[in-house]
$ cat run_27.pdb   # PDB, C-alpha atoms
ATOM      1  CA  MET W   1       0.287   0.940  -2.234
ATOM      2  CA  ARG W   2       0.450  -2.791  -1.579
ATOM      3  CA  TYR W   3       0.315  -3.127   2.209
ATOM      4  CA  LEU W   4      -2.198  -5.287   4.101
ATOM      5  CA  PHE W   5      -2.600  -4.875   7.863
ATOM      6  CA  LEU W   6      -4.579  -7.407   9.887
ATOM      7  CA  LEU W   7      -5.612  -6.237  13.339
ATOM      8  CA  GLN W   8      -5.963  -8.817  16.102
ATOM      9  CA  GLY W   9      -7.519  -8.587  19.548
ATOM     10  CA  ILE W  10     -10.684  -9.268  21.473
ATOM     11  CA  PRO W  11     -13.425  -6.612  21.776
ATOM     12  CA  GLY W  12     -12.347  -3.848  24.148
ATOM     13  CA  SER W  13      -8.627  -4.322  23.506
ATOM     14  CA  GLY W  14      -8.292  -0.994  21.667
ATOM     15  CA  LYS W  15      -8.174  -1.795  17.937
ATOM     16  CA  SER W  16     -10.942   0.547  16.791
ATOM     17  CA  THR W  17      -9.727   3.353  19.044
ATOM     18  CA  TYR W  18      -6.288   3.025  17.465
ATOM     19  CA  LEU W  19      -7.775   3.352  13.963
ATOM     20  CA  GLU W  20      -9.865   6.381  14.900
ATOM     21  CA  GLN W  21      -6.906   8.189  16.453
ATOM     22  CA  ALA W  22      -4.704   7.396  13.436
ATOM     23  CA  GLY W  23      -7.354   8.581  10.942
ATOM     24  CA  LEU W  24      -7.254   5.242   9.119
ATOM     25  CA  ALA W  25     -10.969   4.382   9.072
ATOM     26  CA  PRO W  26     -11.353   5.021   5.282
ATOM     27  CA  TRP W  27      -8.737   2.349   4.583
ATOM     28  CA  THR W  28     -10.381  -0.199   6.905
ATOM     29  CA  VAL W  29     -12.759  -3.108   6.316
ATOM     30  CA  CYS W  30     -14.666  -4.018   9.494
ATOM     31  CA  PRO W  31     -16.937  -7.085   9.730
ATOM     32  CA  ASP W  32     -19.187  -5.362  12.294
ATOM     33  CA  SER W  33     -19.936  -2.580   9.788
ATOM     34  CA  VAL W  34     -20.828  -5.217   7.190
ATOM     35  CA  ARG W  35     -23.035  -7.059   9.677
ATOM     36  CA  LEU W  36     -25.095  -3.896  10.126
ATOM     37  CA  LEU W  37     -25.558  -3.683   6.365
ATOM     38  CA  PHE W  38     -27.044  -7.168   6.184
ATOM     39  CA  ARG W  39     -29.041  -7.161   9.414
ATOM     40  CA  GLY W  40     -30.500  -4.549  11.696
ATOM     41  CA  PRO W  41     -29.742  -4.709  15.415
ATOM     42  CA  GLU W  42     -31.450  -7.472  17.376
ATOM     43  CA  MET W  43     -32.249  -7.696  21.074
ATOM     44  CA  GLY W  44     -29.316  -8.982  23.104
ATOM     45  CA  ARG W  45     -29.266 -10.965  26.358
ATOM     46  CA  ARG W  46     -29.415  -7.763  28.401
ATOM     47  CA  GLY W  47     -32.538  -6.606  26.566
ATOM     48  CA  LEU W  48     -30.622  -3.978  24.603
ATOM     49  CA  PRO W  49     -29.819  -3.636  20.859
ATOM     50  CA  SER W  50     -27.038  -5.942  19.714
ATOM     51  CA  ILE W  51     -25.233  -6.596  16.416
ATOM     52  CA  ALA W  52     -26.646  -9.746  14.833
ATOM     53  CA  ILE W  53     -24.181 -12.512  13.951
ATOM     54  CA  SER W  54     -26.640 -15.005  12.447
ATOM     55  CA  SER W  55     -25.736 -13.933   8.885
ATOM     56  CA  ASP W  56     -21.984 -14.342   9.349
ATOM     57  CA  ASP W  57     -21.481 -16.661   6.360
ATOM     58  CA  ILE W  58     -22.522 -13.994   3.879
ATOM     59  CA  VAL W  59     -20.880 -11.290   6.001
ATOM     60  CA  TRP W  60     -17.463 -12.951   5.725
ATOM     61  CA  ARG W  61     -17.899 -13.703   2.038
ATOM     62  CA  THR W  62     -18.588  -9.996   1.591
ATOM     63  CA  VAL W  63     -15.619  -8.970   3.737
ATOM     64  CA  LEU W  64     -13.280 -11.147   1.672
ATOM     65  CA  THR W  65     -14.762  -9.771  -1.557
ATOM     66  CA  MET W  66     -14.222  -6.217  -0.334
ATOM     67  CA  VAL W  67     -10.630  -6.953   0.690
ATOM     68  CA  GLY W  68      -9.953  -8.655  -2.654
ATOM     69  CA  GLU W  69     -11.332  -5.673  -4.573
ATOM     70  CA  ARG W  70      -9.126  -3.271  -2.629
ATOM     71  CA  LEU W  71      -6.069  -5.435  -3.164
ATOM     72  CA  ALA W  72      -6.759  -5.622  -6.901
ATOM     73  CA  PHE W  73      -6.495  -1.815  -7.060
ATOM     74  CA  GLY W  74      -3.418  -1.685  -4.852
ATOM     75  CA  ASP W  75      -5.112   0.075  -1.935
ATOM     76  CA  LEU W  76      -3.461   0.080   1.457
ATOM     77  CA  THR W  77      -5.927  -2.124   3.344
ATOM     78  CA  ILE W  78      -6.626  -2.720   7.029
ATOM     79  CA  VAL W  79      -8.936  -5.444   8.361
ATOM     80  CA  ASP W  80     -10.352  -4.674  11.806
ATOM     81  CA  ALA W  81     -11.433  -8.053  13.176
ATOM     82  CA  THR W  82     -10.607 -10.246  16.168
ATOM     83  CA  HIS W  83      -8.607 -12.842  14.145
ATOM     84  CA  THR W  84      -8.283 -15.170  17.121
ATOM     85  CA  ARG W  85      -7.686 -18.317  15.025
ATOM     86  CA  VAL W  86      -4.861 -19.017  12.581
ATOM     87  CA  ARG W  87      -7.380 -20.090   9.927
ATOM     88  CA  GLU W  88      -9.010 -16.658  10.184
ATOM     89  CA  VAL W  89      -5.693 -15.026   9.343
ATOM     90  CA  GLU W  90      -4.804 -17.503   6.612
ATOM     91  CA  GLN W  91      -7.960 -16.748   4.611
ATOM     92  CA  TYR W  92      -6.132 -13.700   3.188
ATOM     93  CA  VAL W  93      -2.900 -15.428   2.166
ATOM     94  CA  ALA W  94      -3.842 -16.394  -1.397
ATOM     95  CA  MET W  95      -5.133 -12.978  -2.411
ATOM     96  CA  ALA W  96      -2.225 -11.202  -0.710
ATOM     97  CA  GLN W  97       0.291 -13.297  -2.617
ATOM     98  CA  ARG W  98      -1.613 -12.966  -5.895
ATOM     99  CA  HIS W  99      -1.566  -9.177  -5.670
ATOM    100  CA  ARG W 100       2.030  -9.022  -4.332
ATOM    101  CA  TYR W 101       1.131  -7.524  -0.948
ATOM    102  CA  GLN W 102       3.305  -7.221   2.116
ATOM    103  CA  THR W 103       1.148  -8.406   5.021
ATOM    104  CA  PHE W 104       1.491  -7.374   8.657
ATOM    105  CA  LEU W 105      -0.229  -8.367  11.899
ATOM    106  CA  LEU W 106      -0.883  -5.756  14.592
ATOM    107  CA  SER W 107      -1.916  -7.637  17.712
ATOM    108  CA  TRP W 108      -3.554  -6.521  20.962
ATOM    109  CA  ARG W 109      -3.470 -10.004  22.490
ATOM    110  CA  ASP W 110      -1.280  -8.770  25.350
ATOM    111  CA  VAL W 111      -4.040  -6.506  26.709
ATOM    112  CA  PRO W 112      -5.260  -8.100  29.977
ATOM    113  CA  LEU W 113      -8.657  -9.779  29.860
ATOM    114  CA  GLU W 114      -9.801  -7.781  32.902
ATOM    115  CA  GLU W 115      -9.096  -4.510  31.098
ATOM    116  CA  CYS W 116     -11.021  -5.640  28.023
ATOM    117  CA  VAL W 117     -13.984  -6.657  30.199
ATOM    118  CA  ARG W 118     -13.934  -3.255  31.909
ATOM    119  CA  ARG W 119     -13.861  -1.380  28.604
ATOM    120  CA  ASN W 120     -16.543  -3.647  27.166
ATOM    121  CA  GLU W 121     -18.913  -2.728  30.006
ATOM    122  CA  ALA W 122     -18.483   0.956  29.139
ATOM    123  CA  ARG W 123     -19.208   0.478  25.441
ATOM    124  CA  PRO W 124     -22.452   1.656  23.819
ATOM    125  CA  PRO W 125     -25.083  -1.125  23.958
ATOM    126  CA  LEU W 126     -24.772  -1.898  20.244
ATOM    127  CA  ARG W 127     -21.062  -2.642  20.601
ATOM    128  CA  TYR W 128     -21.309  -4.604  23.839
ATOM    129  CA  VAL W 129     -20.181  -8.246  23.583
ATOM    130  CA  PRO W 130     -21.299 -10.864  26.133
ATOM    131  CA  GLU W 131     -18.521 -11.439  28.658
ATOM    132  CA  HIS W 132     -18.349 -15.186  28.069
ATOM    133  CA  VAL W 133     -17.469 -14.473  24.416
ATOM    134  CA  LEU W 134     -14.511 -12.361  25.537
ATOM    135  CA  HIS W 135     -13.282 -15.204  27.763
ATOM    136  CA  ASP W 136     -13.479 -17.689  24.874
ATOM    137  CA  MET W 137     -11.641 -15.355  22.475
ATOM    138  CA  HIS W 138      -8.945 -14.569  25.055
ATOM    139  CA  ALA W 139      -8.302 -18.284  25.574
ATOM    140  CA  ARG W 140      -7.913 -18.829  21.827
ATOM    141  CA  LEU W 141      -5.479 -15.925  21.507
ATOM    142  CA  ALA W 142      -3.307 -17.437  24.245
ATOM    143  CA  GLU W 143      -2.637 -20.353  21.873
ATOM    144  CA  PHE W 144      -2.247 -18.314  18.697
ATOM    145  CA  VAL W 145       1.014 -18.700  16.762
ATOM    146  CA  THR W 146       1.684 -16.155  14.001
ATOM    147  CA  PRO W 147       2.026 -17.900  10.594
ATOM    148  CA  SER W 148       5.411 -17.562   8.893
ATOM    149  CA  TRP W 149       4.040 -15.735   5.843
ATOM    150  CA  ILE W 150       2.877 -12.727   7.882
ATOM    151  CA  THR W 151       5.081 -10.250   9.748
ATOM    152  CA  GLU W 152       3.952  -9.289  13.241
ATOM    153  CA  ILE W 153       4.886  -5.713  14.096
ATOM    154  CA  PRO W 154       4.620  -3.585  17.257
ATOM    155  CA  ARG W 155       1.496  -1.512  17.751
ATOM    156  CA  ALA W 156       2.775   1.731  16.322
ATOM    157  CA  ASP W 157       2.038   4.085  13.483
ATOM    158  CA  VAL W 158       1.543   1.823  10.455
ATOM    159  CA  PHE W 159       3.652   4.168   8.368
ATOM    160  CA  THR W 160       6.768   3.095  10.254
ATOM    161  CA  VAL W 161       6.696  -0.125   8.211
ATOM    162  CA  CYS W 162       5.678   1.434   4.887
ATOM    163  CA  PRO W 163       7.772   4.597   4.563
ATOM    164  CA  ASP W 164       7.935   6.600   1.368
ATOM    165  CA  PRO W 165      10.353   5.038  -1.167
ATOM    166  CA  MET W 166      12.823   7.892  -0.769
ATOM    167  CA  ILE W 167      16.234   8.338  -2.383
ATOM    168  CA  ASP W 168      18.772  10.959  -1.336
ATOM    169  CA  GLY W 169      20.055  12.375  -4.605
ATOM    170  CA  GLY W 170      22.732  14.507  -2.957
ATOM    171  CA  LYS W 171      25.551  12.042  -3.700
ATOM    172  CA  TYR W 172      24.861  11.997  -7.447
ATOM    173  CA  ARG W 173      26.182  14.369 -10.105
ATOM    174  CA  ALA W 174      22.900  14.336 -12.034
ATOM    175  CA  LEU W 175      19.428  12.828 -12.024
ATOM    176  CA  HIS W 176      18.023  11.334 -15.232
ATOM    177  CA  VAL W 177      14.342  10.394 -15.438
ATOM    178  CA  ILE W 178      13.969   8.166 -18.491
ATOM    179  CA  GLY W 179      10.629   7.626 -20.214
ATOM    180  CA  ASP W 180       9.019   4.459 -21.524
ATOM    181  CA  LEU W 181      11.410   2.340 -23.584
ATOM    182  CA  ALA W 182       8.799   0.435 -25.606
ATOM    183  CA  GLY W 183       9.688   0.728 -29.271
ATOM    184  CA  CYS W 184      12.972   2.597 -28.807
ATOM    185  CA  GLU W 185      15.302   0.383 -26.775
ATOM    186  CA  GLY W 186      18.160   1.155 -29.132
ATOM    187  CA  ALA W 187      18.253   4.722 -27.882
ATOM    188  CA  LEU W 188      19.690   3.465 -24.596
ATOM    189  CA  ALA W 189      23.072   3.357 -26.258
ATOM    190  CA  ALA W 190      22.986   7.155 -26.307
ATOM    191  CA  LEU W 191      23.017   7.319 -22.524
ATOM    192  CA  GLU W 192      26.456   8.228 -21.262
ATOM    193  CA  ASP W 193      28.308   6.484 -18.464
ATOM    194  CA  VAL W 194      26.088   6.942 -15.442
ATOM    195  CA  ASP W 195      28.074   5.435 -12.573
ATOM    196  CA  ASP W 196      27.882   8.651 -10.523
ATOM    197  CA  GLU W 197      24.436   9.654 -11.761
ATOM    198  CA  LEU W 198      20.985   8.503 -10.663
ATOM    199  CA  CYS W 199      18.743   7.001 -13.352
ATOM    200  CA  VAL W 200      15.024   6.395 -12.799
ATOM    201  CA  PHE W 201      12.965   4.699 -15.530
ATOM    202  CA  THR W 202       9.246   5.447 -15.634
ATOM    203  CA  GLY W 203       8.028   2.048 -16.836
ATOM    204  CA  ASP W 204       7.011  -0.085 -19.843
ATOM    205  CA  TYR W 205      10.224  -1.635 -21.101
ATOM    206  CA  GLY W 206       9.356  -3.661 -24.179
ATOM    207  CA  GLN W 207      12.032  -6.108 -25.323
ATOM    208  CA  ILE W 208      14.738  -6.784 -22.744
ATOM    209  CA  THR W 209      18.078  -5.814 -24.265
ATOM    210  CA  PRO W 210      21.599  -6.560 -23.011
ATOM    211  CA  ARG W 211      22.067  -2.849 -22.262
ATOM    212  CA  LEU W 212      18.947  -2.822 -20.080
ATOM    213  CA  ASN W 213      20.088  -5.937 -18.215
ATOM    214  CA  GLU W 214      23.450  -4.306 -17.630
ATOM    215  CA  LEU W 215      21.830  -1.153 -16.249
ATOM    216  CA  ALA W 216      19.554  -3.225 -14.011
ATOM    217  CA  SER W 217      22.566  -4.585 -12.134
ATOM    218  CA  ARG W 218      23.586  -1.114 -10.987
ATOM    219  CA  PRO W 219      22.497   0.258  -7.582
ATOM    220  CA  ASN W 220      22.015   3.755  -9.022
ATOM    221  CA  VAL W 221      19.315   2.628 -11.504
ATOM    222  CA  ILE W 222      15.647   2.482 -10.429
ATOM    223  CA  PHE W 223      12.782   0.890 -12.400
ATOM    224  CA  CYS W 224       9.215   2.138 -11.886
ATOM    225  CA  GLU W 225       6.290  -0.086 -12.748
ATOM    226  CA  GLY W 226       4.313   0.740 -15.893
ATOM    227  CA  ARG W 227       1.047  -0.595 -17.246
ATOM    228  CA  ARG W 228       2.694  -3.535 -19.031
ATOM    229  CA  SER W 229       5.835  -3.974 -16.932
ATOM    230  CA  ARG W 230       4.764  -7.067 -14.996
ATOM    231  CA  MET W 231       3.886  -8.857 -18.213
ATOM    232  CA  GLU W 232       7.030  -7.705 -20.039
ATOM    233  CA  LEU W 233       9.425  -8.547 -17.222
ATOM    234  CA  ALA W 234       7.754 -11.694 -15.826
ATOM    235  CA  GLY W 235      10.357 -14.186 -14.655
ATOM    236  CA  THR W 236      13.335 -11.872 -15.279
ATOM    237  CA  PRO W 237      15.660 -10.330 -12.659
ATOM    238  CA  LEU W 238      14.256  -6.943 -13.658
ATOM    239  CA  GLU W 239      10.818  -7.849 -12.294
ATOM    240  CA  SER W 240      12.125  -7.977  -8.730
ATOM    241  CA  LYS W 241      13.526  -4.447  -9.076
ATOM    242  CA  LEU W 242      10.200  -2.823  -9.984
ATOM    243  CA  THR W 243       8.846  -0.149  -7.666
ATOM    244  CA  GLU W 244       5.529   1.653  -8.043
ATOM    245  CA  ALA W 245       6.997   5.114  -7.519
ATOM    246  CA  VAL W 246       9.981   6.824  -5.977
ATOM    247  CA  ILE W 247      10.597  10.225  -4.405
ATOM    248  CA  VAL W 248      14.033  11.739  -4.932
ATOM    249  CA  ARG W 249      15.342  14.417  -2.598
ATOM    250  CA  TRP W 250      17.068  16.779  -4.982
ATOM    251  CA  ALA W 251      18.355  20.347  -4.507
ATOM    252  CA  GLY W 252      16.138  20.819  -1.459
ATOM    253  CA  ALA W 253      13.036  19.609  -3.302
ATOM    254  CA  ARG W 254      11.048  16.359  -3.504
ATOM    255  CA  ILE W 255      10.734  14.939  -7.025
ATOM    256  CA  LEU W 256       8.044  12.293  -7.477
ATOM    257  CA  VAL W 257       8.642   9.802 -10.290
ATOM    258  CA  SER W 258       5.936   7.361 -11.376
ATOM    259  CA  HIS W 259       4.450   5.967 -14.552
ATOM    260  CA  GLY W 260       0.988   7.454 -14.169
ATOM    261  CA  GLY W 261       1.338  10.887 -12.572
ATOM    262  CA  LEU W 262      -0.520  12.305  -9.551
ATOM    263  CA  SER W 263      -2.547  15.483  -9.115
ATOM    264  CA  SER W 264      -0.528  16.560  -6.051
ATOM    265  CA  MET W 265       2.418  15.528  -3.916
ATOM    266  CA  PRO W 266       1.319  13.238  -1.048
ATOM    267  CA  ALA W 267       2.088  14.481   2.436
ATOM    268  CA  PRO W 268       5.460  13.250   3.718
ATOM    269  CA  GLU W 269       5.405   9.569   4.672
ATOM    270  CA  ARG W 270       1.924   9.151   3.176
ATOM    271  CA  LEU W 271       2.625   7.872  -0.353
ATOM    272  CA  ALA W 272       1.500   4.463   0.922
ATOM    273  CA  LEU W 273      -2.075   5.769   0.994
ATOM    274  CA  VAL W 274      -2.110   6.260  -2.783
ATOM    275  CA  PRO W 275      -3.466   3.191  -4.610
ATOM    276  CA  SER W 276      -0.935   1.354  -6.755
ATOM    277  CA  ARG W 277      -3.349   1.605  -9.668
ATOM    278  CA  GLN W 278      -3.105   5.407  -9.597
ATOM    279  CA  LEU W 279       0.683   5.385  -9.358
ATOM    280  CA  ILE W 280       0.769   3.148 -12.424
ATOM    281  CA  HIS W 281      -2.219   4.440 -14.436
ATOM    282  CA  GLY W 282      -2.393   8.013 -13.165
ATOM    283  CA  VAL W 283      -5.100  10.222 -11.690
ATOM    284  CA  GLY W 284      -8.139  10.793 -13.896
ATOM    285  CA  PRO W 285      -8.646   9.984 -17.586
ATOM    286  CA  ARG W 286      -5.875  10.573 -20.113
ATOM    287  CA  SER W 287      -7.570  13.847 -21.097
ATOM    288  CA  PHE W 288      -7.054  15.194 -17.566
ATOM    289  CA  ASP W 289      -4.123  17.633 -17.319
ATOM    290  CA  VAL W 290      -2.449  16.022 -14.349
ATOM    291  CA  ASP W 291       0.601  18.315 -14.640
ATOM    292  CA  ALA W 292      -1.507  21.474 -14.361
ATOM    293  CA  ALA W 293      -3.273  19.997 -11.349
ATOM    294  CA  PHE W 294       0.037  19.082  -9.728
ATOM    295  CA  ALA W 295       1.476  22.559 -10.354
ATOM    296  CA  ALA W 296      -1.586  24.197  -8.806
ATOM    297  CA  GLN W 297      -1.977  21.886  -5.820
ATOM    298  CA  ALA W 298       1.403  20.463  -4.810
ATOM    299  CA  PRO W 299       3.206  22.200  -1.918
ATOM    300  CA  PRO W 300       6.276  24.354  -2.618
ATOM    301  CA  GLY W 301       9.443  22.380  -3.255
ATOM    302  CA  SER W 302       7.604  19.634  -5.144
ATOM    303  CA  ALA W 303       8.017  18.375  -8.702
ATOM    304  CA  GLN W 304       7.046  15.263 -10.604
ATOM    305  CA  VAL W 305       8.028  13.418 -13.758
ATOM    306  CA  HIS W 306       5.907  10.657 -15.269
ATOM    307  CA  ALA W 307       5.326   8.786 -18.536
ATOM    308  CA  ARG W 308       1.668   9.515 -19.039
ATOM    309  CA  HIS W 309       1.898  11.379 -22.351
ATOM    310  CA  ARG W 310       4.732   9.565 -24.058
ATOM    311  CA  GLU W 311       5.288  10.376 -27.730
ATOM    312  CA  PRO W 312       5.485   7.050 -29.627
ATOM    313  CA  GLY W 313       8.889   6.210 -31.074
ATOM    314  CA  LYS W 314      10.843   8.624 -28.895
ATOM    315  CA  LEU W 315      12.759   8.082 -25.688
ATOM    316  CA  ARG W 316      12.307  11.166 -23.544
ATOM    317  CA  VAL W 317      14.835  11.939 -20.821
ATOM    318  CA  VAL W 318      14.512  14.662 -18.181
ATOM    319  CA  THR W 319      17.877  15.567 -16.644
ATOM    320  CA  PHE W 320      18.409  17.514 -13.426
ATOM    321  CA  GLY W 321      21.915  18.824 -12.786
ATOM    322  CA  GLN W 322      23.288  19.427  -9.300
ATOM    323  CA  GLY W 323      21.361  22.218  -7.605
ATOM    324  CA  GLU W 324      18.759  22.332 -10.419
ATOM    325  CA  ILE W 325      15.064  21.880  -9.710
ATOM    326  CA  SER W 326      14.024  22.498 -13.334
ATOM    327  CA  GLY W 327      14.894  19.545 -15.550
ATOM    328  CA  LYS W 328      16.136  19.752 -19.123
ATOM    329  CA  ILE W 329      14.104  17.667 -21.571
ATOM    330  CA  ARG W 330      15.685  15.846 -24.476
ATOM    331  CA  ASP W 331      14.425  13.197 -26.904
ATOM    332  CA  LEU W 332      16.718  10.336 -27.935
TER     333      LEU W 332
END

$ encode --input "run_27.pdb" --output "structure tokens"
Amino acid sequence: MRYLFLLQGIPGSGKSTYLEQAGLAPWTVCPDSVRLLFRGPEMGRRGLPSIAISSDDIVWRTVLTMVGERLAFGDLTIVDATHTRVREVEQYVAMAQRHRYQTFLLSWRDVPLEECVRRNEARPPLRYVPEHVLHDMHARLAEFVTPSWITEIPRADVFTVCPDPMIDGGKYRALHVIGDLAGCEGALAALEDVDDELCVFTGDYGQITPRLNELASRPNVIFCEGRRSRMELAGTPLESKLTEAVIVRWAGARILVSHGGLSSMPAPERLALVPSRQLIHGVGPRSFDVDAAFAAQAPPGSAQVHARHREPGKLRVVTFGQGEISGKIRDL
């Protein structure tokens, strides 16, 4: 999902250790790893192997390309770099805004310089950084002011700021999951009064009708993002209501609603690790039986509804009554 985390801190402050302990390395872009792809280690001032920085122009172009590619697919993305200057942070702003990302800064600039120097001395030779470099970086961080477009958060589990989009369905009389509207907007008139019922649309809305605008104003109506939704709803109030997926707590179960369909239910509080592209386009090619995979692999108490195999010209609605985990399907 669309979350970008920029780590900040001088070498030895604890950034990489944090990522390793949190199991977030696969979602991380690290300039040092890219440096080792472009150049082998060189001899440092202490006569030991050191990471070469002489190719940093192409290294940073590559880092930004990698981040941009991840953002284009809607991957949760972490950048593990020192980010001691404001301009180093601001190089991500355009791509983050273009791909509608929420951006956060996790900073280790409060770690004392003496502690960083001590840890740096204990690092493997390849990761050792000359002490004068640490002093220069620490001085720059002392003057750093977080830009207004990025949200600085405490150093904690990243999932505290990107929780699962969860809805408690217990206060509703029924749950309706409503398929793609494209080509059959008129069928909305068949929906009964839904003030005390939860309605979740699975995406692709076609022409915006007065009935759809009226439903969009209600707090009990949720709109998932489909393949064409951003284009169809551009500039309308409905665009701001789009969500990539939602999980509804219903009758003791978790019901995942998205446009694309997943092959299993993500672990609790881990939906953020699923790329937006998969939530919108689904897992695998259209020939892949994502429902069979979900049934075989999702944990007990899980269900999902999606719009992947919509029948053209029909509006499909899946309705769950109170206490029901098996929905009733009807075509309008």

$ closest_residue --input "run_27.pdb" --among "W:Leu71, W:Val177, W:Ile255, W:Leu113" --to "W:Leu134" --atoms "all atoms listed in the file"
W:Leu113

$ atom_distance --input "run_27.pdb" --atom1 "atom CA of W:Phe5" --atom2 "atom CA of W:Asp75"
11.3 Å

$ closest_atom_pairs --input "run_27.pdb" --of "stretch 90-140 of chain W" --to "stretch 60-67 of chain W" --cutoff "12 Å" --atoms "only C-alpha atoms" --output "JSON lines"
{"residue": "W:Glu90", "atom": "CA", "partner": "W:Leu64", "partner_atom": "CA", "distance": 11.7}
{"residue": "W:Gln91", "atom": "CA", "partner": "W:Leu64", "partner_atom": "CA", "distance": 8.3}
{"residue": "W:Tyr92", "atom": "CA", "partner": "W:Leu64", "partner_atom": "CA", "distance": 7.7}
{"residue": "W:Val93", "atom": "CA", "partner": "W:Leu64", "partner_atom": "CA", "distance": 11.2}
{"residue": "W:Ala94", "atom": "CA", "partner": "W:Leu64", "partner_atom": "CA", "distance": 11.2}
{"residue": "W:Met95", "atom": "CA", "partner": "W:Val67", "partner_atom": "CA", "distance": 8.7}
{"residue": "W:Ala96", "atom": "CA", "partner": "W:Val67", "partner_atom": "CA", "distance": 9.5}
{"residue": "W:His99", "atom": "CA", "partner": "W:Val67", "partner_atom": "CA", "distance": 11.3}
{"residue": "W:Tyr101", "atom": "CA", "partner": "W:Val67", "partner_atom": "CA", "distance": 11.9}

$ axis_aligned_box --input "run_27.pdb" --around "stretch 142-157 of chain W" --padding-each-side "8 Å" --output "lines of an AutoDock Vina configuration file"
center_x = 1.1
center_y = -8.1
center_z = 15.0
size_x = 24.7
size_y = 40.4
size_z = 34.4

$ residues_near_point --input "run_27.pdb" --point "(-25.7, -7.6, 0.5)" --cutoff "9 Å" --atoms "all atoms listed in the file" --output "list in words"
Val34, Leu37, Phe38, Ile58, Val59 and Thr62 of chain W

$ residues_around --input "run_27.pdb" --residues "W:Thr319" --least-positions-apart "6" --cutoff "6 Å" --atoms "all atoms listed in the file" --output "list in words"
Leu175, His176, Gly327 and Lys328 of chain W

$ resolve_selection --input "run_27.pdb" --expression "the PyMOL selection byres ((chain W and resi 121-133) around 12)" --output "JSON, numbers by chain"
{"W": [10, 11, 12, 13, 14, 16, 17, 32, 33, 35, 36, 40, 41, 42, 43, 44, 45, 46, 47, 48, 49, 50, 51, 52, 53, 82, 84, 113, 114, 115, 116, 117, 118, 119, 120, 134, 135, 136, 137, 138, 139, 140]}

$ write_last_selection --input "run_27.pdb" --atoms "C-alpha atoms" --output "PDB file, in the coordinates of the input"
ATOM      1  CA  ILE W  10     -10.684  -9.268  21.473  1.00  0.00           C
ATOM      2  CA  PRO W  11     -13.425  -6.612  21.776  1.00  0.00           C
ATOM      3  CA  GLY W  12     -12.347  -3.848  24.148  1.00  0.00           C
ATOM      4  CA  SER W  13      -8.627  -4.322  23.506  1.00  0.00           C
ATOM      5  CA  GLY W  14      -8.292  -0.994  21.667  1.00  0.00           C
ATOM      6  CA  SER W  16     -10.942   0.547  16.791  1.00  0.00           C
ATOM      7  CA  THR W  17      -9.727   3.353  19.044  1.00  0.00           C
ATOM      8  CA  ASP W  32     -19.187  -5.362  12.294  1.00  0.00           C
ATOM      9  CA  SER W  33     -19.936  -2.580   9.788  1.00  0.00           C
ATOM     10  CA  ARG W  35     -23.035  -7.059   9.677  1.00  0.00           C
ATOM     11  CA  LEU W  36     -25.095  -3.896  10.126  1.00  0.00           C
ATOM     12  CA  GLY W  40     -30.500  -4.549  11.696  1.00  0.00           C
ATOM     13  CA  PRO W  41     -29.742  -4.709  15.415  1.00  0.00           C
ATOM     14  CA  GLU W  42     -31.450  -7.472  17.376  1.00  0.00           C
ATOM     15  CA  MET W  43     -32.249  -7.696  21.074  1.00  0.00           C
ATOM     16  CA  GLY W  44     -29.316  -8.982  23.104  1.00  0.00           C
ATOM     17  CA  ARG W  45     -29.266 -10.965  26.358  1.00  0.00           C
ATOM     18  CA  ARG W  46     -29.415  -7.763  28.401  1.00  0.00           C
ATOM     19  CA  GLY W  47     -32.538  -6.606  26.566  1.00  0.00           C
ATOM     20  CA  LEU W  48     -30.622  -3.978  24.603  1.00  0.00           C
ATOM     21  CA  PRO W  49     -29.819  -3.636  20.859  1.00  0.00           C
ATOM     22  CA  SER W  50     -27.038  -5.942  19.714  1.00  0.00           C
ATOM     23  CA  ILE W  51     -25.233  -6.596  16.416  1.00  0.00           C
ATOM     24  CA  ALA W  52     -26.646  -9.746  14.833  1.00  0.00           C
ATOM     25  CA  ILE W  53     -24.181 -12.512  13.951  1.00  0.00           C
ATOM     26  CA  THR W  82     -10.607 -10.246  16.168  1.00  0.00           C
ATOM     27  CA  THR W  84      -8.283 -15.170  17.121  1.00  0.00           C
ATOM     28  CA  LEU W 113      -8.657  -9.779  29.860  1.00  0.00           C
ATOM     29  CA  GLU W 114      -9.801  -7.781  32.902  1.00  0.00           C
ATOM     30  CA  GLU W 115      -9.096  -4.510  31.098  1.00  0.00           C
ATOM     31  CA  CYS W 116     -11.021  -5.640  28.023  1.00  0.00           C
ATOM     32  CA  VAL W 117     -13.984  -6.657  30.199  1.00  0.00           C
ATOM     33  CA  ARG W 118     -13.934  -3.255  31.909  1.00  0.00           C
ATOM     34  CA  ARG W 119     -13.861  -1.380  28.604  1.00  0.00           C
ATOM     35  CA  ASN W 120     -16.543  -3.647  27.166  1.00  0.00           C
ATOM     36  CA  LEU W 134     -14.511 -12.361  25.537  1.00  0.00           C
ATOM     37  CA  HIS W 135     -13.282 -15.204  27.763  1.00  0.00           C
ATOM     38  CA  ASP W 136     -13.479 -17.689  24.874  1.00  0.00           C
ATOM     39  CA  MET W 137     -11.641 -15.355  22.475  1.00  0.00           C
ATOM     40  CA  HIS W 138      -8.945 -14.569  25.055  1.00  0.00           C
ATOM     41  CA  ALA W 139      -8.302 -18.284  25.574  1.00  0.00           C
ATOM     42  CA  ARG W 140      -7.913 -18.829  21.827  1.00  0.00           C
TER      43      ARG W 140
END

$ closest_residue --input "run_27.pdb" --among "W:His83, W:Arg270, W:Arg249, W:His281" --to "W:Ser229" --atoms "all atoms listed in the file"
W:His281

$ atom_distance --input "run_27.pdb" --atom1 "atom CA of W:Trp108" --atom2 "atom CA of W:Cys162"
20.2 Å

$ atom_distance --input "run_27.pdb" --atom1 "atom CA of W:Ala253" --atom2 "atom CA of W:Ala303"
7.5 Å
